[in-house]
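Colleague: Pasting work.cif below, which is mmCIF, N, CA and C atoms and all ligand atoms.
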data_input
#
loop_
_atom_site.label_atom_id
_atom_site.label_comp_id
_atom_site.auth_asym_id
_atom_site.auth_seq_id
_atom_site.Cartn_x
_atom_site.Cartn_y
_atom_site.Cartn_z
N MET A 30 -115.88 -114.03 -313.25
CA MET A 30 -115.54 -113.67 -314.63
C MET A 30 -114.99 -114.88 -315.36
N ARG A 31 -115.49 -115.11 -316.52
CA ARG A 31 -115.03 -116.23 -317.33
C ARG A 31 -113.58 -115.99 -317.74
N GLN A 32 -112.79 -117.07 -317.69
CA GLN A 32 -111.40 -116.96 -318.11
C GLN A 32 -111.37 -116.70 -319.62
N PRO A 33 -110.71 -115.64 -320.02
CA PRO A 33 -110.72 -115.32 -321.45
C PRO A 33 -109.80 -116.25 -322.24
N GLY A 34 -110.00 -116.25 -323.52
CA GLY A 34 -109.15 -117.02 -324.42
C GLY A 34 -108.49 -116.09 -325.42
N ILE A 35 -107.63 -116.68 -326.24
CA ILE A 35 -106.98 -115.92 -327.29
C ILE A 35 -107.09 -116.70 -328.59
N SER A 36 -107.37 -116.01 -329.66
CA SER A 36 -107.47 -116.71 -330.94
C SER A 36 -106.07 -117.14 -331.37
N ARG A 37 -105.99 -118.31 -332.00
CA ARG A 37 -104.69 -118.78 -332.45
C ARG A 37 -104.09 -117.83 -333.47
N ASP A 38 -104.93 -117.22 -334.26
CA ASP A 38 -104.45 -116.25 -335.26
C ASP A 38 -103.74 -115.09 -334.59
N LEU A 39 -104.33 -114.57 -333.51
CA LEU A 39 -103.70 -113.44 -332.84
C LEU A 39 -102.39 -113.87 -332.18
N LEU A 40 -102.39 -115.03 -331.55
CA LEU A 40 -101.18 -115.51 -330.91
C LEU A 40 -100.06 -115.71 -331.95
N ASP A 41 -100.41 -116.32 -333.08
CA ASP A 41 -99.42 -116.50 -334.15
C ASP A 41 -98.89 -115.16 -334.63
N LEU A 42 -99.79 -114.20 -334.74
CA LEU A 42 -99.39 -112.87 -335.20
C LEU A 42 -98.43 -112.21 -334.21
N LEU A 43 -98.72 -112.33 -332.91
CA LEU A 43 -97.85 -111.74 -331.89
C LEU A 43 -96.44 -112.34 -331.97
N LEU A 44 -96.39 -113.66 -332.14
CA LEU A 44 -95.09 -114.32 -332.22
C LEU A 44 -94.35 -113.90 -333.50
N LYS A 45 -95.12 -113.73 -334.56
CA LYS A 45 -94.54 -113.33 -335.84
C LYS A 45 -94.00 -111.89 -335.76
N ILE A 46 -94.76 -111.02 -335.14
CA ILE A 46 -94.30 -109.63 -335.00
C ILE A 46 -93.05 -109.60 -334.12
N GLY A 47 -93.08 -110.38 -333.05
CA GLY A 47 -91.91 -110.42 -332.18
C GLY A 47 -90.67 -110.80 -332.95
N LYS A 48 -90.82 -111.82 -333.78
CA LYS A 48 -89.70 -112.29 -334.57
C LYS A 48 -89.25 -111.23 -335.57
N SER A 49 -90.21 -110.57 -336.20
CA SER A 49 -89.84 -109.60 -337.24
C SER A 49 -89.21 -108.35 -336.63
N GLN A 50 -89.54 -108.05 -335.37
CA GLN A 50 -88.98 -106.86 -334.73
C GLN A 50 -87.65 -107.15 -334.04
N HIS A 51 -87.38 -108.41 -333.79
CA HIS A 51 -86.17 -108.80 -333.08
C HIS A 51 -84.94 -108.20 -333.72
N PRO A 52 -83.96 -107.64 -332.98
CA PRO A 52 -83.84 -107.65 -331.52
C PRO A 52 -84.54 -106.48 -330.82
N LEU A 53 -85.41 -105.79 -331.56
CA LEU A 53 -86.17 -104.72 -330.91
C LEU A 53 -87.44 -105.31 -330.30
N GLU A 54 -88.02 -104.56 -329.37
CA GLU A 54 -89.28 -104.97 -328.78
C GLU A 54 -90.43 -104.40 -329.59
N PHE A 55 -91.57 -104.99 -329.41
CA PHE A 55 -92.78 -104.33 -329.88
C PHE A 55 -93.76 -104.29 -328.73
N LEU A 56 -94.68 -103.39 -328.84
CA LEU A 56 -95.75 -103.29 -327.86
C LEU A 56 -97.06 -103.12 -328.60
N ALA A 57 -98.05 -103.86 -328.19
CA ALA A 57 -99.36 -103.76 -328.82
C ALA A 57 -100.45 -103.76 -327.76
N ILE A 58 -101.52 -103.12 -328.10
CA ILE A 58 -102.73 -103.17 -327.29
C ILE A 58 -103.59 -104.29 -327.85
N ILE A 59 -104.17 -105.09 -326.97
CA ILE A 59 -105.03 -106.17 -327.46
C ILE A 59 -106.44 -105.99 -326.95
N ARG A 60 -107.35 -106.44 -327.76
CA ARG A 60 -108.77 -106.34 -327.42
C ARG A 60 -109.44 -107.69 -327.58
N ASP A 61 -110.53 -107.86 -326.86
CA ASP A 61 -111.29 -109.10 -327.00
C ASP A 61 -112.69 -108.81 -327.51
N HIS A 62 -113.26 -109.81 -328.12
CA HIS A 62 -114.67 -109.78 -328.48
C HIS A 62 -115.30 -111.03 -327.89
N ASP A 63 -116.30 -110.83 -327.04
CA ASP A 63 -116.96 -111.95 -326.34
C ASP A 63 -115.96 -112.82 -325.59
N GLY A 64 -114.96 -112.18 -324.99
CA GLY A 64 -114.03 -112.92 -324.14
C GLY A 64 -112.86 -113.55 -324.87
N ILE A 65 -112.82 -113.40 -326.19
CA ILE A 65 -111.72 -113.96 -326.97
C ILE A 65 -110.85 -112.82 -327.50
N LEU A 66 -109.59 -112.85 -327.10
CA LEU A 66 -108.67 -111.83 -327.61
C LEU A 66 -108.41 -112.11 -329.09
N ASP A 67 -108.70 -111.14 -329.91
CA ASP A 67 -108.55 -111.39 -331.35
C ASP A 67 -108.17 -110.15 -332.14
N GLU A 68 -107.79 -109.08 -331.45
CA GLU A 68 -107.47 -107.86 -332.17
C GLU A 68 -106.28 -107.18 -331.52
N LEU A 69 -105.40 -106.62 -332.33
CA LEU A 69 -104.27 -105.89 -331.77
C LEU A 69 -104.06 -104.59 -332.49
N GLU A 70 -103.43 -103.69 -331.79
CA GLU A 70 -103.08 -102.39 -332.33
C GLU A 70 -101.67 -102.08 -331.84
N LEU A 71 -100.77 -101.91 -332.78
CA LEU A 71 -99.38 -101.65 -332.38
C LEU A 71 -99.24 -100.24 -331.83
N VAL A 72 -98.43 -100.11 -330.80
CA VAL A 72 -98.21 -98.82 -330.14
C VAL A 72 -96.72 -98.50 -330.23
N PRO A 73 -96.39 -97.28 -330.63
CA PRO A 73 -94.97 -96.94 -330.68
C PRO A 73 -94.38 -96.84 -329.27
N GLY A 74 -93.10 -97.10 -329.16
CA GLY A 74 -92.45 -96.98 -327.86
C GLY A 74 -92.19 -98.35 -327.26
N THR A 75 -91.53 -98.34 -326.14
CA THR A 75 -91.19 -99.60 -325.48
C THR A 75 -91.29 -99.40 -323.98
N ILE A 76 -91.56 -100.48 -323.26
CA ILE A 76 -91.74 -100.33 -321.83
C ILE A 76 -90.70 -101.08 -321.02
N CYS A 77 -89.88 -101.89 -321.66
CA CYS A 77 -89.11 -102.84 -320.88
C CYS A 77 -87.79 -102.33 -320.35
N GLY A 78 -87.28 -101.24 -320.89
CA GLY A 78 -86.01 -100.74 -320.39
C GLY A 78 -86.12 -100.42 -318.91
N GLU A 79 -85.24 -101.01 -318.13
CA GLU A 79 -85.31 -100.77 -316.69
C GLU A 79 -84.85 -99.36 -316.35
N GLU A 80 -83.99 -98.79 -317.19
CA GLU A 80 -83.45 -97.46 -316.92
C GLU A 80 -84.50 -96.39 -317.22
N SER A 81 -85.00 -96.43 -318.42
CA SER A 81 -85.96 -95.40 -318.79
C SER A 81 -87.07 -96.02 -319.62
N ALA A 82 -88.20 -96.17 -319.01
CA ALA A 82 -89.34 -96.69 -319.75
C ALA A 82 -89.80 -95.61 -320.70
N SER A 83 -89.62 -95.86 -321.99
CA SER A 83 -89.94 -94.80 -322.94
C SER A 83 -91.40 -94.86 -323.38
N PHE A 84 -92.06 -95.91 -322.94
CA PHE A 84 -93.47 -95.98 -323.28
C PHE A 84 -94.27 -95.18 -322.27
N SER A 85 -95.23 -94.46 -322.75
CA SER A 85 -96.08 -93.69 -321.85
C SER A 85 -97.53 -94.05 -322.11
N PRO A 86 -98.30 -94.22 -321.04
CA PRO A 86 -99.73 -94.50 -321.25
C PRO A 86 -100.43 -93.41 -322.05
N HIS A 87 -99.82 -92.24 -322.11
CA HIS A 87 -100.43 -91.16 -322.88
C HIS A 87 -100.41 -91.47 -324.38
N MET A 88 -99.57 -92.44 -324.76
CA MET A 88 -99.50 -92.77 -326.17
C MET A 88 -100.56 -93.80 -326.55
N LEU A 89 -101.27 -94.28 -325.57
CA LEU A 89 -102.27 -95.30 -325.86
C LEU A 89 -103.41 -94.73 -326.68
N PRO A 90 -103.90 -95.54 -327.58
CA PRO A 90 -105.11 -95.13 -328.30
C PRO A 90 -106.24 -94.99 -327.29
N LEU A 91 -106.89 -93.87 -327.32
CA LEU A 91 -107.96 -93.64 -326.34
C LEU A 91 -109.26 -94.21 -326.86
N ARG A 92 -109.35 -95.50 -326.80
CA ARG A 92 -110.57 -96.15 -327.23
C ARG A 92 -111.02 -97.09 -326.14
N THR A 93 -112.27 -97.37 -326.14
CA THR A 93 -112.79 -98.29 -325.14
C THR A 93 -112.57 -99.72 -325.61
N GLY A 94 -112.80 -100.65 -324.72
CA GLY A 94 -112.67 -102.04 -325.09
C GLY A 94 -111.25 -102.55 -324.99
N LEU A 95 -110.42 -101.77 -324.33
CA LEU A 95 -109.04 -102.18 -324.11
C LEU A 95 -109.02 -103.36 -323.15
N THR A 96 -108.45 -104.46 -323.58
CA THR A 96 -108.41 -105.63 -322.71
C THR A 96 -107.07 -105.81 -322.04
N GLY A 97 -106.02 -105.46 -322.75
CA GLY A 97 -104.70 -105.65 -322.17
C GLY A 97 -103.61 -105.28 -323.15
N SER A 98 -102.45 -105.86 -322.94
CA SER A 98 -101.30 -105.52 -323.77
C SER A 98 -100.54 -106.78 -324.15
N ALA A 99 -99.72 -106.63 -325.17
CA ALA A 99 -98.82 -107.71 -325.55
C ALA A 99 -97.51 -107.06 -325.97
N HIS A 100 -96.40 -107.64 -325.53
CA HIS A 100 -95.12 -107.12 -325.98
C HIS A 100 -94.08 -108.22 -325.97
N SER A 101 -92.94 -107.90 -326.55
CA SER A 101 -91.91 -108.94 -326.70
C SER A 101 -90.73 -108.68 -325.80
N HIS A 102 -90.07 -109.76 -325.44
CA HIS A 102 -88.80 -109.71 -324.71
C HIS A 102 -87.75 -110.40 -325.58
N PRO A 103 -86.99 -109.59 -326.31
CA PRO A 103 -85.98 -110.17 -327.20
C PRO A 103 -84.95 -111.01 -326.45
N ASN A 104 -84.78 -110.81 -325.15
CA ASN A 104 -83.82 -111.62 -324.39
C ASN A 104 -84.39 -113.00 -324.05
N GLY A 105 -85.66 -113.24 -324.39
CA GLY A 105 -86.24 -114.56 -324.18
C GLY A 105 -86.75 -114.81 -322.79
N VAL A 106 -86.58 -113.86 -321.88
CA VAL A 106 -87.08 -114.01 -320.51
C VAL A 106 -88.58 -113.72 -320.51
N LEU A 107 -89.36 -114.70 -320.11
CA LEU A 107 -90.81 -114.53 -320.21
C LEU A 107 -91.42 -114.03 -318.90
N GLN A 108 -90.60 -113.38 -318.07
CA GLN A 108 -91.11 -112.79 -316.82
C GLN A 108 -91.29 -111.29 -317.04
N PRO A 109 -92.30 -110.71 -316.39
CA PRO A 109 -92.46 -109.26 -316.48
C PRO A 109 -91.30 -108.53 -315.80
N SER A 110 -90.81 -107.49 -316.43
CA SER A 110 -89.78 -106.66 -315.80
C SER A 110 -90.45 -105.73 -314.78
N ASN A 111 -89.64 -105.06 -313.98
CA ASN A 111 -90.21 -104.11 -313.03
C ASN A 111 -90.99 -103.02 -313.75
N ALA A 112 -90.47 -102.59 -314.91
CA ALA A 112 -91.19 -101.58 -315.69
C ALA A 112 -92.53 -102.12 -316.16
N ASP A 113 -92.54 -103.41 -316.55
CA ASP A 113 -93.79 -104.03 -316.97
C ASP A 113 -94.81 -104.00 -315.84
N LEU A 114 -94.35 -104.34 -314.63
CA LEU A 114 -95.27 -104.42 -313.49
C LEU A 114 -95.86 -103.06 -313.15
N ARG A 115 -95.09 -102.01 -313.41
CA ARG A 115 -95.63 -100.66 -313.19
C ARG A 115 -96.64 -100.29 -314.27
N PHE A 116 -96.41 -100.84 -315.46
CA PHE A 116 -97.20 -100.48 -316.62
C PHE A 116 -98.53 -101.24 -316.70
N PHE A 117 -98.49 -102.53 -316.34
CA PHE A 117 -99.66 -103.40 -316.54
C PHE A 117 -100.98 -102.83 -316.02
N PRO A 118 -101.01 -102.38 -314.75
CA PRO A 118 -102.32 -102.00 -314.21
C PRO A 118 -102.99 -100.87 -314.97
N SER A 119 -102.21 -100.09 -315.73
CA SER A 119 -102.80 -98.95 -316.44
C SER A 119 -103.38 -99.34 -317.79
N VAL A 120 -103.16 -100.58 -318.22
CA VAL A 120 -103.55 -100.94 -319.58
C VAL A 120 -104.43 -102.18 -319.67
N GLY A 121 -105.26 -102.40 -318.67
CA GLY A 121 -106.17 -103.54 -318.80
C GLY A 121 -105.77 -104.70 -317.92
N ARG A 122 -106.39 -105.85 -318.16
CA ARG A 122 -106.27 -106.94 -317.20
C ARG A 122 -105.49 -108.14 -317.70
N ILE A 123 -105.21 -108.23 -318.99
CA ILE A 123 -104.49 -109.38 -319.54
C ILE A 123 -103.24 -108.89 -320.25
N HIS A 124 -102.09 -109.47 -319.89
CA HIS A 124 -100.84 -109.00 -320.47
C HIS A 124 -100.01 -110.17 -320.96
N ILE A 125 -99.69 -110.13 -322.24
CA ILE A 125 -98.97 -111.23 -322.86
C ILE A 125 -97.53 -110.81 -323.14
N ILE A 126 -96.62 -111.68 -322.80
CA ILE A 126 -95.21 -111.46 -323.13
C ILE A 126 -94.77 -112.59 -324.05
N VAL A 127 -94.25 -112.24 -325.21
CA VAL A 127 -93.65 -113.24 -326.10
C VAL A 127 -92.14 -113.02 -326.06
N GLY A 128 -91.38 -114.09 -326.24
CA GLY A 128 -89.93 -113.95 -326.15
C GLY A 128 -89.22 -114.78 -327.20
N ALA A 129 -87.98 -114.38 -327.48
CA ALA A 129 -87.16 -115.16 -328.39
C ALA A 129 -87.07 -116.58 -327.87
N PRO A 130 -87.07 -117.60 -328.73
CA PRO A 130 -87.05 -117.55 -330.21
C PRO A 130 -88.43 -117.49 -330.86
N TYR A 131 -89.45 -117.09 -330.12
CA TYR A 131 -90.77 -116.85 -330.69
C TYR A 131 -91.41 -118.12 -331.26
N GLY A 132 -91.18 -119.24 -330.60
CA GLY A 132 -91.84 -120.49 -330.99
C GLY A 132 -93.24 -120.54 -330.40
N ALA A 133 -93.93 -121.61 -330.71
CA ALA A 133 -95.34 -121.73 -330.32
C ALA A 133 -95.54 -121.63 -328.80
N ASP A 134 -94.54 -122.02 -328.03
CA ASP A 134 -94.67 -121.99 -326.57
C ASP A 134 -93.92 -120.84 -325.91
N ASP A 135 -93.39 -119.95 -326.72
CA ASP A 135 -92.56 -118.88 -326.16
C ASP A 135 -93.40 -117.65 -325.83
N TRP A 136 -94.40 -117.86 -324.97
CA TRP A 136 -95.24 -116.74 -324.54
C TRP A 136 -95.83 -117.08 -323.17
N ARG A 137 -96.17 -116.04 -322.44
CA ARG A 137 -96.81 -116.18 -321.14
C ARG A 137 -97.86 -115.10 -321.01
N CYS A 138 -98.80 -115.36 -320.13
CA CYS A 138 -99.87 -114.40 -319.89
C CYS A 138 -99.88 -114.03 -318.41
N TYR A 139 -100.07 -112.75 -318.13
CA TYR A 139 -100.08 -112.25 -316.76
C TYR A 139 -101.29 -111.37 -316.51
N THR A 140 -101.68 -111.34 -315.25
CA THR A 140 -102.75 -110.43 -314.85
C THR A 140 -102.15 -109.04 -314.64
N ALA A 141 -103.03 -108.07 -314.39
CA ALA A 141 -102.56 -106.71 -314.15
C ALA A 141 -101.63 -106.65 -312.94
N GLY A 142 -101.81 -107.59 -312.00
CA GLY A 142 -100.96 -107.64 -310.82
C GLY A 142 -99.66 -108.39 -311.03
N GLY A 143 -99.46 -108.91 -312.25
CA GLY A 143 -98.22 -109.60 -312.56
C GLY A 143 -98.23 -111.08 -312.21
N GLN A 144 -99.42 -111.61 -311.88
CA GLN A 144 -99.52 -113.05 -311.61
C GLN A 144 -99.71 -113.82 -312.91
N PRO A 145 -99.01 -114.95 -313.04
CA PRO A 145 -99.20 -115.76 -314.25
C PRO A 145 -100.66 -116.20 -314.36
N CYS A 146 -101.19 -116.22 -315.54
CA CYS A 146 -102.54 -116.71 -315.74
C CYS A 146 -102.57 -117.55 -317.02
N THR A 147 -103.65 -118.23 -317.21
CA THR A 147 -103.74 -119.09 -318.39
C THR A 147 -104.75 -118.51 -319.36
N LEU A 148 -104.43 -118.68 -320.62
CA LEU A 148 -105.34 -118.27 -321.68
C LEU A 148 -105.56 -119.50 -322.56
N GLU A 149 -106.81 -119.76 -322.81
CA GLU A 149 -107.11 -120.86 -323.72
C GLU A 149 -106.87 -120.40 -325.15
N VAL A 150 -106.12 -121.18 -325.90
CA VAL A 150 -105.88 -120.84 -327.31
C VAL A 150 -107.00 -121.45 -328.14
N ILE A 151 -107.70 -120.62 -328.85
CA ILE A 151 -108.90 -121.07 -329.55
C ILE A 151 -108.76 -120.91 -331.06
ZN ZN A 201 -91.51 -106.44 -320.71
#
Step by step, read the file and then write its structure as structure tokens.

Modeller:
Amino acid sequence: MRQPGISRDLLDLLLKIGKSQHPLEFLAIIRDHDGILDELELVPGTICGEESASFSPHMLPLRTGLTGSAHSHPNGVLQPSNADLRFFPSVGRIHIIVGAPYGADDWRCYTAGGQPCTLEVI
């Protein structure tokens, strides 16, 4: 499988949303076209609380072409939480975490298994 990329516009938008929602989290579903992630859909709820993950996969838009997810960590930690690791496999194969202070390098990409991966910014 070809390593997917992400459009710079989408990445900028994710960082911008993260900043605008701070100190709250946001969660979005992301989609790709021809291997390039370039579309997002915001989903209500949050997944990062270790106590009670209030996000439920049942809230996901039931559409095909789901590639993965993107969400923010207002604490700036760019590692997936335990809740994230439980959530990732149900929502596709590419998972982006953006974190405070939401600068150009304040994001990471993970596989469904929680392994760091690289995304080419296009
Ligand atoms: Zn998280």

Colleague: Please determine the residues with any atom at most 8 Å from (-108.4, -117.6, -323.4) (coordinates as given in the file, with only N, CA and C atoms counting) and report them as number ranges by chain.

Modeller: A: 31-36, 64-66, 147-151

Colleague: Could you write out, as a PyMOL selection string, all the residues of chain A that DSSP marks as strand (DSSP E or B)?

Modeller: chain A and resi 34-35+56-62+65-72+95-102+123-128+136-140+145-146+149-150

Colleague: Neighbours of His102 in chain A within 8 Å (only N, CA and C atoms; same-chain residues fewer than 2 positions away dropped), as a list in words?

Modeller: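 In the requested format, the answer is Gly47, His51, Pro52, Leu53, Glu54, Phe55, Cys77, Ala99, His100, Asn104, Gly105, Val106, Leu107, Gln108, Ile125, Ile126, Val127, Gly128, Ala129 and Pro130 of chain A.
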
Colleague: Nearest to ligand ZN 201 (chain A) among A:Ser110, A:Ser98, A:Gln144, A:Gln50, with distances taken over all atoms listed in the file: which residue is it?

Modeller: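 Closest residue, counting all atoms listed in the file: A:Ser110.
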
Colleague: In chain A, what's alpha helix (DSSP H) per DSSP? Answer as an MDAnalysis selection string?

Modeller: chainID A and resid 37:50 111:116

Colleague: For the point (-100.7, -104.3, -330.6) in file coordinates, what residues are within 12 Å, counting only C-alpha atoms? Give the answer as a PyMOL selection string?

Modeller: chain A and resi 39-40+42-44+46-47+54-60+66-75+89-90+95-101+120+124-126

Colleague: How many Å lie between CA of Arg137 in chain A and CA of Phe116 in chain A, rounded to one decimal?

Modeller: 16.3 Å

Colleague: Could you tell me how far atom N of Arg115 in chain A lies from CA of Pro103 in chain A, in Å and to one decimal?

Modeller: 18.4 Å

Colleague: Find, counting only C-alpha atoms and all ligand atoms, the residue in A:Arg122, A:Tyr139, A:Gly132, A:Arg37 that gets nearest to ligand ZN 201 (chain A).

Modeller: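 Between A:Arg122, A:Tyr139, A:Gly132, A:Arg37, the residue approaching ligand ZN 201 (chain A) most closely is A:Tyr139.
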
Colleague: Please, what distance in Å, to one decimal, runs between atom N of Asp38 in chain A and atom C of Asn111 in chain A?

Modeller: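 If I compute the distance from atom N of Asp38 in chain A to atom C of Asn111 in chain A, I get 28.6 Å.
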
Colleague: Would you please work out which residue, of A:Pro109, A:Pro145, A:Ser119, A:Asp134, is nearest to ligand ZN 201 (chain A) when using only C-alpha atoms and all ligand atoms?

Modeller: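 Checking each of A:Pro109, A:Pro145, A:Ser119, A:Asp134 against ligand ZN 201 (chain A), counting only C-alpha atoms and all ligand atoms, the winner is A:Pro109.
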
Colleague: With only C-alpha atoms and all ligand atoms as the basis for distance, which of A:Asp63, A:Cys146, A:Lys45, A:Cys138 is at the shortest distance from ligand ZN 201 (chain A)?

Modeller: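 Comparing A:Asp63, A:Cys146, A:Lys45, A:Cys138 against ligand ZN 201 (chain A), the winner is A:Cys138.
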